[in-house]
Structures are given as C-alpha cells and as structure tokens.
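K.L.:
Pasting in a structure now, in structure tokens, and then I'll have a few things to ask.
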Amino acid sequence: MKKARIVKKRPCRVCRRWFRPDPRVGDDQMTCGDPQCKKEWHRRKCKEWNRKNREYFKGIYLKKKILAADEANQKDTPEEDKIPRTRFRLGLPWQEIQEAMGLKQLVIIEYIIQVLMKRFQEVIKVQPLVNNG
Ligand SMILES: [Zn+2]
C-alpha cells in the first residue's frame, strides 16, 4: 500500500500566506498557487538566474564578435570592409587603431565603448529632468 506523503503547511514565498503544498509537488512548491504569486516567483527566479549568468553570456557575446571579425578579415573582403562596423560615430580613426592594435583588440575596445555608452545612458535616464526654461 502506498503511503500518502504528508506535506506540512508553509508560507508562500511571495504573499506570505500559509498554504499546504500539493502532495505531487511537495517541497518544490514555493508559492500558494495563486497565479499572481506563481508569476512573481517565476519573475524573481528568472532575475536571479540572469544575474548569476550575466558574465557567462557577456563572454559568449564577445567571443562571437571576435570570431565574426576574424572571419570577415580572412575572406577576400575589400580593405575598408575588414574593419568591424562600429555603431558609434565617435570620429575615431578605426583603420589606424586596428593597424596599431590588431583586430581582436579593436573588437574588445568597441565592446567596452558599447558597455560604457549603455551605462551612461542608464545614468542619464535616472537623473530627474530639470526645466530651466
Ligand atoms: Zn502567494
């Protein structure tokens, strides 16, 4: 005879209300079962997962960019196309920078600029608008 699992009541990890987990789910059930709580729990877990894996994905992204630039450089591409296309119009002499530093370093510098620009834009967004007019 199969013995029914006894699952103790516990507080929902989102709304803190006490609930008795579904015996089929048991210890894995973290929320009371309310769809809002399930959704919120899922959102929190995703956020946590993304935070933990951010470095890993950044590494993959940069590796892909370097590989793509490397490939473009090996084919019979016209000289001017061998420089990685940058999204930033900073007026920098990319050709000279690449010649002096090398392609991989140029891709890495562009990546660093991209990250800094993103941070800069986030800071600007956070600052309150001041009307001096
Ligand atoms: Zn809940």
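Ordered as shown in the structure tokens, chains take letters A, B, and onward, while each chain numbers its residues from 1 and ligands are numbered from 1 in the order shown.
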May I have a table of the residues of chain A lying at most 7 Å from ligand 1, giving each one's closest pair of atoms and their distance in Å to one decimal, counting only C-alpha atoms and all ligand atoms, ordered by chain and ascending residue number, as a Markdown table?
P.N.:
| residue | atom | partner | partner_atom_place_in_ligand_line | distance |
| --- | --- | --- | --- | --- |
| A:Cys12 | CA | ligand 1 | 1 (Zn) | 4.6 |
| A:Arg13 | CA | ligand 1 | 1 (Zn) | 6.6 |
| A:Val14 | CA | ligand 1 | 1 (Zn) | 5.1 |
| A:Cys15 | CA | ligand 1 | 1 (Zn) | 4.1 |
| A:Arg16 | CA | ligand 1 | 1 (Zn) | 6.2 |
| A:Arg17 | CA | ligand 1 | 1 (Zn) | 5.9 |
| A:Thr31 | CA | ligand 1 | 1 (Zn) | 5.0 |
| A:Cys32 | CA | ligand 1 | 1 (Zn) | 4.2 |
| A:Gly33 | CA | ligand 1 | 1 (Zn) | 6.4 |
| A:Asp34 | CA | ligand 1 | 1 (Zn) | 5.6 |
| A:Cys37 | CA | ligand 1 | 1 (Zn) | 4.6 |
K.L.:
Please report, as a ChimeraX atom specification, each residue of chain A to which DSSP assigns alpha helix (DSSP H) when run on this structure's backbone.
P.N.:
/A:35-74,94-101,103-126
K.L.:
According to DSSP computed on the backbone, where in chain A is there strand (DSSP E or B)? Give the residues as a PyMOL selection string.
P.N.:
chain A and resi 10-11+18-19
K.L.:
Keeping all heavy atoms, export the residues of the selection given above as a CSV table (one decimal), in the first residue's frame.
P.N.:
chain,number,residue,atom,x,y,z
A,10,ARG,N,3.2,25.7,4.8
A,10,ARG,CA,4.3,26.7,4.8
A,10,ARG,C,3.8,28.0,4.3
A,10,ARG,O,2.8,28.1,3.6
A,10,ARG,CB,5.4,26.1,4.0
A,10,ARG,CG,5.0,26.0,2.5
A,10,ARG,CD,6.2,25.6,1.6
A,10,ARG,NE,6.6,24.3,1.9
A,10,ARG,CZ,7.2,23.5,0.9
A,10,ARG,NH1,7.5,24.0,-0.2
A,10,ARG,NH2,7.5,22.3,1.2
A,11,PRO,N,4.6,29.1,4.5
A,11,PRO,CA,4.2,30.4,4.0
A,11,PRO,C,4.6,30.5,2.5
A,11,PRO,O,5.7,30.1,2.1
A,11,PRO,CB,5.0,31.4,4.9
A,11,PRO,CG,6.1,30.6,5.4
A,11,PRO,CD,5.8,29.2,5.4
A,18,TRP,N,-0.1,31.3,4.5
A,18,TRP,CA,0.2,29.9,4.7
A,18,TRP,C,-0.6,29.0,3.7
A,18,TRP,O,-1.8,29.3,3.5
A,18,TRP,CB,-0.1,29.5,6.1
A,18,TRP,CG,1.0,30.0,7.1
A,18,TRP,CD1,1.1,31.3,7.5
A,18,TRP,CD2,2.1,29.3,7.6
A,18,TRP,NE1,2.3,31.5,8.3
A,18,TRP,CE2,2.9,30.3,8.3
A,18,TRP,CE3,2.6,28.0,7.5
A,18,TRP,CZ2,4.1,29.9,9.0
A,18,TRP,CZ3,3.8,27.7,8.1
A,18,TRP,CH2,4.5,28.6,8.9
A,19,PHE,N,0.0,28.0,3.2
A,19,PHE,CA,-0.7,27.1,2.3
A,19,PHE,C,-0.2,25.7,2.5
A,19,PHE,O,0.9,25.5,3.1
A,19,PHE,CB,-0.5,27.5,0.9
A,19,PHE,CG,0.9,27.3,0.3
A,19,PHE,CD1,1.2,26.2,-0.5
A,19,PHE,CD2,1.9,28.2,0.6
A,19,PHE,CE1,2.5,26.0,-0.9
A,19,PHE,CE2,3.2,28.0,0.2
A,19,PHE,CZ,3.5,26.9,-0.6
K.L.:
Distance table requested - range 42-128 of chain A against range 25-30 of chain A, cut-off 12 Å, only C-alpha atoms: one row per qualifying residue with the closest atom pair and its distance in Å to one decimal, ordered by chain and rising residue number, as JSON lines.
P.N.:
{"residue": "A:His42", "atom": "CA", "partner": "A:Met30", "partner_atom": "CA", "distance": 10.1}
{"residue": "A:Arg44", "atom": "CA", "partner": "A:Met30", "partner_atom": "CA", "distance": 11.9}
{"residue": "A:Lys45", "atom": "CA", "partner": "A:Met30", "partner_atom": "CA", "distance": 11.2}
K.L.:
Nearest to Met117 in chain A among A:Arg20, A:Arg43, A:Arg89, A:Lys104, with distances taken over only C-alpha atoms: which residue is it?
P.N.:
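Nearest to Met117 in chain A: A:Arg89.
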K.L.:
Just checking: using only C-alpha atoms, which residue out of A:Ile113, A:Lys64, A:Gln105, A:Asn73 ends up closest to Phe88 in chain A?
P.N.:
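Result for the nearest residue to Phe88 in chain A: A:Ile113.
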